[in-house]
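Following: one structure in structure tokens, then a few remarks.
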Amino acid sequence: MTEVEITQKRALLLMGCPEVPVQTGIGLYLGWLLNSIGWDVKTAGNPSVLQLFRVSDPEKHYIRKIMDLDKSIADIVENGEQYDLCVVFAHNDAGISYAATMHHLLKGRLMVIVFGRNAETLASQIDFPCEKIVEKAVHNPMVLKKKINEAFGWRASTS
């Protein structure tokens, strides 16, 4: 009998400017869910979103590892860092650009969560293969949360 190596799945949550309120709540929620099922989760973002997570989750119950967005991309490019799952939060063109970058750099599952007032228009700009969750959510995260649960196949008990 040979020894089987068990490796923990790794996820990267990639967040841009936190000007749309649902991003922070959904980011905390998704971080908690992935951590609760045993994933190693890293959250990358700009300084503002990282400060929101530090203030919202000071004991790191939900978002345990945070990193500057540009540093996370450099680690992928320069050090070959890879993830089984990358979730990019996009509410503007920059978010779509980051998602396109991740499509070219990572081998794992890529999911783009497109949200905000112009979600449908923005989602139509995605011209690369990925899973998309699209919702006009700005303030109320509940429909977006439900769509995330469905995309991951999580039971209704997590809703």
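Each chain of the structure tokens is named A, B, ... in the order shown, its residues numbered from 1; ligands are numbered from 1 in display order.
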Name the residues of range 25-127 of chain A that fall into helix (DSSP H, G or I) according to DSSP on the backbone, using the chain letters and numbers of this document, as number ranges by chain. A: 25-36, 47-56, 69-79, 93-105, 119-123
Give me every strand (DSSP E or B) residue in chain A, going by DSSP on the backbone, as a ChimeraX atom specification. /A:10-15,40-45,65-68,85-90,109-115,131-135
Expected file: the selected residues, N, CA and C atoms, as a tab-separated table (two decimals), in the first residue's frame:
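New file again_9.tsv:
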```
chain	number	residue	atom	x	y	z
A	10	ARG	N	-6.50	25.28	-2.07
A	10	ARG	CA	-6.16	26.69	-1.87
A	10	ARG	C	-7.07	27.58	-2.70
A	11	ALA	N	-7.51	28.67	-2.09
A	11	ALA	CA	-8.38	29.63	-2.78
A	11	ALA	C	-7.80	31.03	-2.65
A	12	LEU	N	-7.98	31.81	-3.69
A	12	LEU	CA	-7.62	33.22	-3.70
A	12	LEU	C	-8.88	34.02	-3.96
A	13	LEU	N	-9.21	34.93	-3.03
A	13	LEU	CA	-10.30	35.87	-3.23
A	13	LEU	C	-9.66	37.19	-3.62
A	14	LEU	N	-10.00	37.71	-4.79
A	14	LEU	CA	-9.36	38.90	-5.32
A	14	LEU	C	-10.37	40.04	-5.35
A	15	MET	N	-10.08	41.11	-4.61
A	15	MET	CA	-11.03	42.20	-4.45
A	15	MET	C	-10.41	43.54	-4.81
A	40	ASP	N	-7.65	26.51	2.39
A	40	ASP	CA	-6.66	27.51	2.76
A	40	ASP	C	-6.98	28.73	1.90
A	41	VAL	N	-7.48	29.80	2.52
A	41	VAL	CA	-8.00	30.95	1.77
A	41	VAL	C	-7.11	32.17	1.98
A	42	LYS	N	-6.71	32.77	0.87
A	42	LYS	CA	-5.97	34.03	0.91
A	42	LYS	C	-6.84	35.08	0.25
A	43	THR	N	-6.93	36.25	0.86
A	43	THR	CA	-7.70	37.36	0.30
A	43	THR	C	-6.75	38.46	-0.10
A	44	ALA	N	-6.81	38.86	-1.36
A	44	ALA	CA	-5.96	39.92	-1.86
A	44	ALA	C	-6.83	41.10	-2.27
A	45	GLY	N	-6.32	42.29	-2.00
A	45	GLY	CA	-7.09	43.47	-2.37
A	45	GLY	C	-6.26	44.72	-2.28
A	65	LYS	N	-6.02	35.24	6.02
A	65	LYS	CA	-4.78	35.67	5.36
A	65	LYS	C	-5.11	36.76	4.37
A	66	ILE	N	-4.46	37.90	4.51
A	66	ILE	CA	-4.68	38.98	3.56
A	66	ILE	C	-3.35	39.41	2.95
A	67	MET	N	-3.46	39.94	1.75
A	67	MET	CA	-2.26	40.34	1.02
A	67	MET	C	-2.61	41.44	0.03
A	68	ASP	N	-1.67	42.31	-0.20
A	68	ASP	CA	-1.83	43.35	-1.21
A	68	ASP	C	-2.06	42.72	-2.58
A	85	LEU	N	-8.79	27.49	-6.72
A	85	LEU	CA	-9.95	28.34	-6.98
A	85	LEU	C	-9.52	29.79	-6.84
A	86	CYS	N	-9.93	30.60	-7.80
A	86	CYS	CA	-9.75	32.05	-7.71
A	86	CYS	C	-11.11	32.69	-7.94
A	87	VAL	N	-11.54	33.50	-6.98
A	87	VAL	CA	-12.80	34.23	-7.10
A	87	VAL	C	-12.46	35.71	-7.20
A	88	VAL	N	-12.81	36.30	-8.33
A	88	VAL	CA	-12.55	37.72	-8.56
A	88	VAL	C	-13.86	38.48	-8.39
A	89	PHE	N	-13.85	39.50	-7.56
A	89	PHE	CA	-15.00	40.37	-7.35
A	89	PHE	C	-14.87	41.55	-8.31
A	90	ALA	N	-15.90	41.78	-9.14
A	90	ALA	CA	-15.80	42.82	-10.17
A	90	ALA	C	-17.05	43.68	-10.19
A	109	ARG	N	-9.87	26.64	-11.02
A	109	ARG	CA	-11.22	27.14	-11.29
A	109	ARG	C	-11.25	28.66	-11.11
A	110	LEU	N	-11.80	29.35	-12.09
A	110	LEU	CA	-11.93	30.81	-12.02
A	110	LEU	C	-13.41	31.17	-11.99
A	111	MET	N	-13.77	31.92	-10.97
A	111	MET	CA	-15.14	32.41	-10.84
A	111	MET	C	-15.09	33.93	-10.73
A	112	VAL	N	-15.93	34.60	-11.49
A	112	VAL	CA	-16.00	36.05	-11.43
A	112	VAL	C	-17.38	36.42	-10.90
A	113	ILE	N	-17.38	37.15	-9.79
A	113	ILE	CA	-18.63	37.64	-9.21
A	113	ILE	C	-18.77	39.09	-9.67
A	114	VAL	N	-19.75	39.31	-10.55
A	114	VAL	CA	-19.98	40.63	-11.12
A	114	VAL	C	-21.20	41.22	-10.42
A	115	PHE	N	-21.04	42.39	-9.84
A	115	PHE	CA	-22.10	42.98	-9.04
A	115	PHE	C	-22.12	44.49	-9.24
A	131	GLU	N	-16.47	30.91	-14.79
A	131	GLU	CA	-17.82	30.85	-14.24
A	131	GLU	C	-18.19	32.27	-13.84
A	132	LYS	N	-19.43	32.64	-14.11
A	132	LYS	CA	-19.88	33.99	-13.77
A	132	LYS	C	-21.08	33.91	-12.84
A	133	ILE	N	-21.05	34.77	-11.84
A	133	ILE	CA	-22.21	35.03	-11.01
A	133	ILE	C	-22.50	36.51	-11.20
A	134	VAL	N	-23.67	36.82	-11.69
A	134	VAL	CA	-24.00	38.21	-12.03
A	134	VAL	C	-25.25	38.62	-11.27
A	135	GLU	N	-25.15	39.74	-10.57
A	135	GLU	CA	-26.30	40.25	-9.80
A	135	GLU	C	-26.13	41.76	-9.62
```
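With only C-alpha atoms as the atoms that count, the minimum distance from Val77 in chain A to the choices A:Thr101, A:Asn92, A:Thr24, A:Thr7 is reached by A:Thr101.
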Might you pull out every residue within 12 Å of Arg54 in chain A, with only C-alpha atoms counted and same-chain residues fewer than 3 positions away left off, and present them as an MDAnalysis selection string? chainID A and resid 24 28 43 45 47:51 57:67
Take the residues just selected and output them with N, CA and C atoms as a PDB file, in the first residue's frame.
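Dumped to selection.pdb:
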```
ATOM      1  N   THR A  24     -17.763  43.754   0.709  1.00  0.00           N
ATOM      2  CA  THR A  24     -17.165  43.403   1.993  1.00  0.00           C
ATOM      3  C   THR A  24     -17.931  42.280   2.673  1.00  0.00           C
ATOM      4  N   LEU A  28     -16.451  38.496   3.269  1.00  0.00           N
ATOM      5  CA  LEU A  28     -16.385  37.865   4.595  1.00  0.00           C
ATOM      6  C   LEU A  28     -17.137  36.539   4.603  1.00  0.00           C
ATOM      7  N   THR A  43      -6.933  36.253   0.856  1.00  0.00           N
ATOM      8  CA  THR A  43      -7.704  37.360   0.297  1.00  0.00           C
ATOM      9  C   THR A  43      -6.752  38.464  -0.100  1.00  0.00           C
ATOM     10  N   GLY A  45      -6.324  42.291  -2.004  1.00  0.00           N
ATOM     11  CA  GLY A  45      -7.090  43.469  -2.366  1.00  0.00           C
ATOM     12  C   GLY A  45      -6.264  44.725  -2.279  1.00  0.00           C
ATOM     13  N   PRO A  47      -5.422  48.512  -0.623  1.00  0.00           N
ATOM     14  CA  PRO A  47      -5.300  48.862   0.804  1.00  0.00           C
ATOM     15  C   PRO A  47      -6.631  49.157   1.497  1.00  0.00           C
ATOM     16  N   SER A  48      -7.566  49.774   0.808  1.00  0.00           N
ATOM     17  CA  SER A  48      -8.849  50.115   1.434  1.00  0.00           C
ATOM     18  C   SER A  48      -9.651  48.879   1.809  1.00  0.00           C
ATOM     19  N   VAL A  49      -9.754  47.921   0.888  1.00  0.00           N
ATOM     20  CA  VAL A  49     -10.527  46.716   1.188  1.00  0.00           C
ATOM     21  C   VAL A  49      -9.836  45.908   2.289  1.00  0.00           C
ATOM     22  N   LEU A  50      -8.516  45.874   2.287  1.00  0.00           N
ATOM     23  CA  LEU A  50      -7.810  45.136   3.336  1.00  0.00           C
ATOM     24  C   LEU A  50      -8.044  45.776   4.705  1.00  0.00           C
ATOM     25  N   GLN A  51      -8.081  47.099   4.758  1.00  0.00           N
ATOM     26  CA  GLN A  51      -8.367  47.778   6.035  1.00  0.00           C
ATOM     27  C   GLN A  51      -9.792  47.493   6.496  1.00  0.00           C
ATOM     28  N   ASP A  57     -13.074  42.153  10.901  1.00  0.00           N
ATOM     29  CA  ASP A  57     -12.748  40.812  11.374  1.00  0.00           C
ATOM     30  C   ASP A  57     -11.403  40.824  12.101  1.00  0.00           C
ATOM     31  N   PRO A  58     -11.322  41.570  13.219  1.00  0.00           N
ATOM     32  CA  PRO A  58     -10.019  41.751  13.880  1.00  0.00           C
ATOM     33  C   PRO A  58      -9.399  40.459  14.416  1.00  0.00           C
ATOM     34  N   GLU A  59     -10.196  39.463  14.714  1.00  0.00           N
ATOM     35  CA  GLU A  59      -9.647  38.200  15.227  1.00  0.00           C
ATOM     36  C   GLU A  59      -9.473  37.159  14.123  1.00  0.00           C
ATOM     37  N   LYS A  60      -9.680  37.566  12.874  1.00  0.00           N
ATOM     38  CA  LYS A  60      -9.471  36.729  11.695  1.00  0.00           C
ATOM     39  C   LYS A  60     -10.282  35.431  11.722  1.00  0.00           C
ATOM     40  N   HIS A  61     -11.541  35.555  12.069  1.00  0.00           N
ATOM     41  CA  HIS A  61     -12.439  34.403  12.032  1.00  0.00           C
ATOM     42  C   HIS A  61     -12.845  34.068  10.597  1.00  0.00           C
ATOM     43  N   TYR A  62     -12.980  35.087   9.753  1.00  0.00           N
ATOM     44  CA  TYR A  62     -13.507  34.913   8.405  1.00  0.00           C
ATOM     45  C   TYR A  62     -12.431  35.071   7.339  1.00  0.00           C
ATOM     46  N   ILE A  63     -11.661  36.103   7.466  1.00  0.00           N
ATOM     47  CA  ILE A  63     -10.583  36.389   6.517  1.00  0.00           C
ATOM     48  C   ILE A  63      -9.275  36.247   7.285  1.00  0.00           C
ATOM     49  N   ARG A  64      -8.625  35.107   7.106  1.00  0.00           N
ATOM     50  CA  ARG A  64      -7.449  34.775   7.925  1.00  0.00           C
ATOM     51  C   ARG A  64      -6.141  35.267   7.336  1.00  0.00           C
ATOM     52  N   LYS A  65      -6.017  35.241   6.022  1.00  0.00           N
ATOM     53  CA  LYS A  65      -4.776  35.665   5.365  1.00  0.00           C
ATOM     54  C   LYS A  65      -5.114  36.758   4.367  1.00  0.00           C
ATOM     55  N   ILE A  66      -4.457  37.901   4.506  1.00  0.00           N
ATOM     56  CA  ILE A  66      -4.683  38.985   3.559  1.00  0.00           C
ATOM     57  C   ILE A  66      -3.350  39.411   2.953  1.00  0.00           C
ATOM     58  N   MET A  67      -3.459  39.943   1.746  1.00  0.00           N
ATOM     59  CA  MET A  67      -2.258  40.345   1.023  1.00  0.00           C
ATOM     60  C   MET A  67      -2.612  41.443   0.030  1.00  0.00           C
TER      61      MET A  67
END
```
For Ile96 in chain A, which of A:Asn79, A:Gln8, A:Gln125, A:Ser72 is the closest residue, counting only C-alpha atoms? A:Gln125
Excluding range 139-142 of chain A and residues on its chain fewer than 3 positions from it, collect all residues at most 8 Å away from it, counting only C-alpha atoms, and give them as a PyMOL selection string. chain A and resi 20-22+25-26+145-146
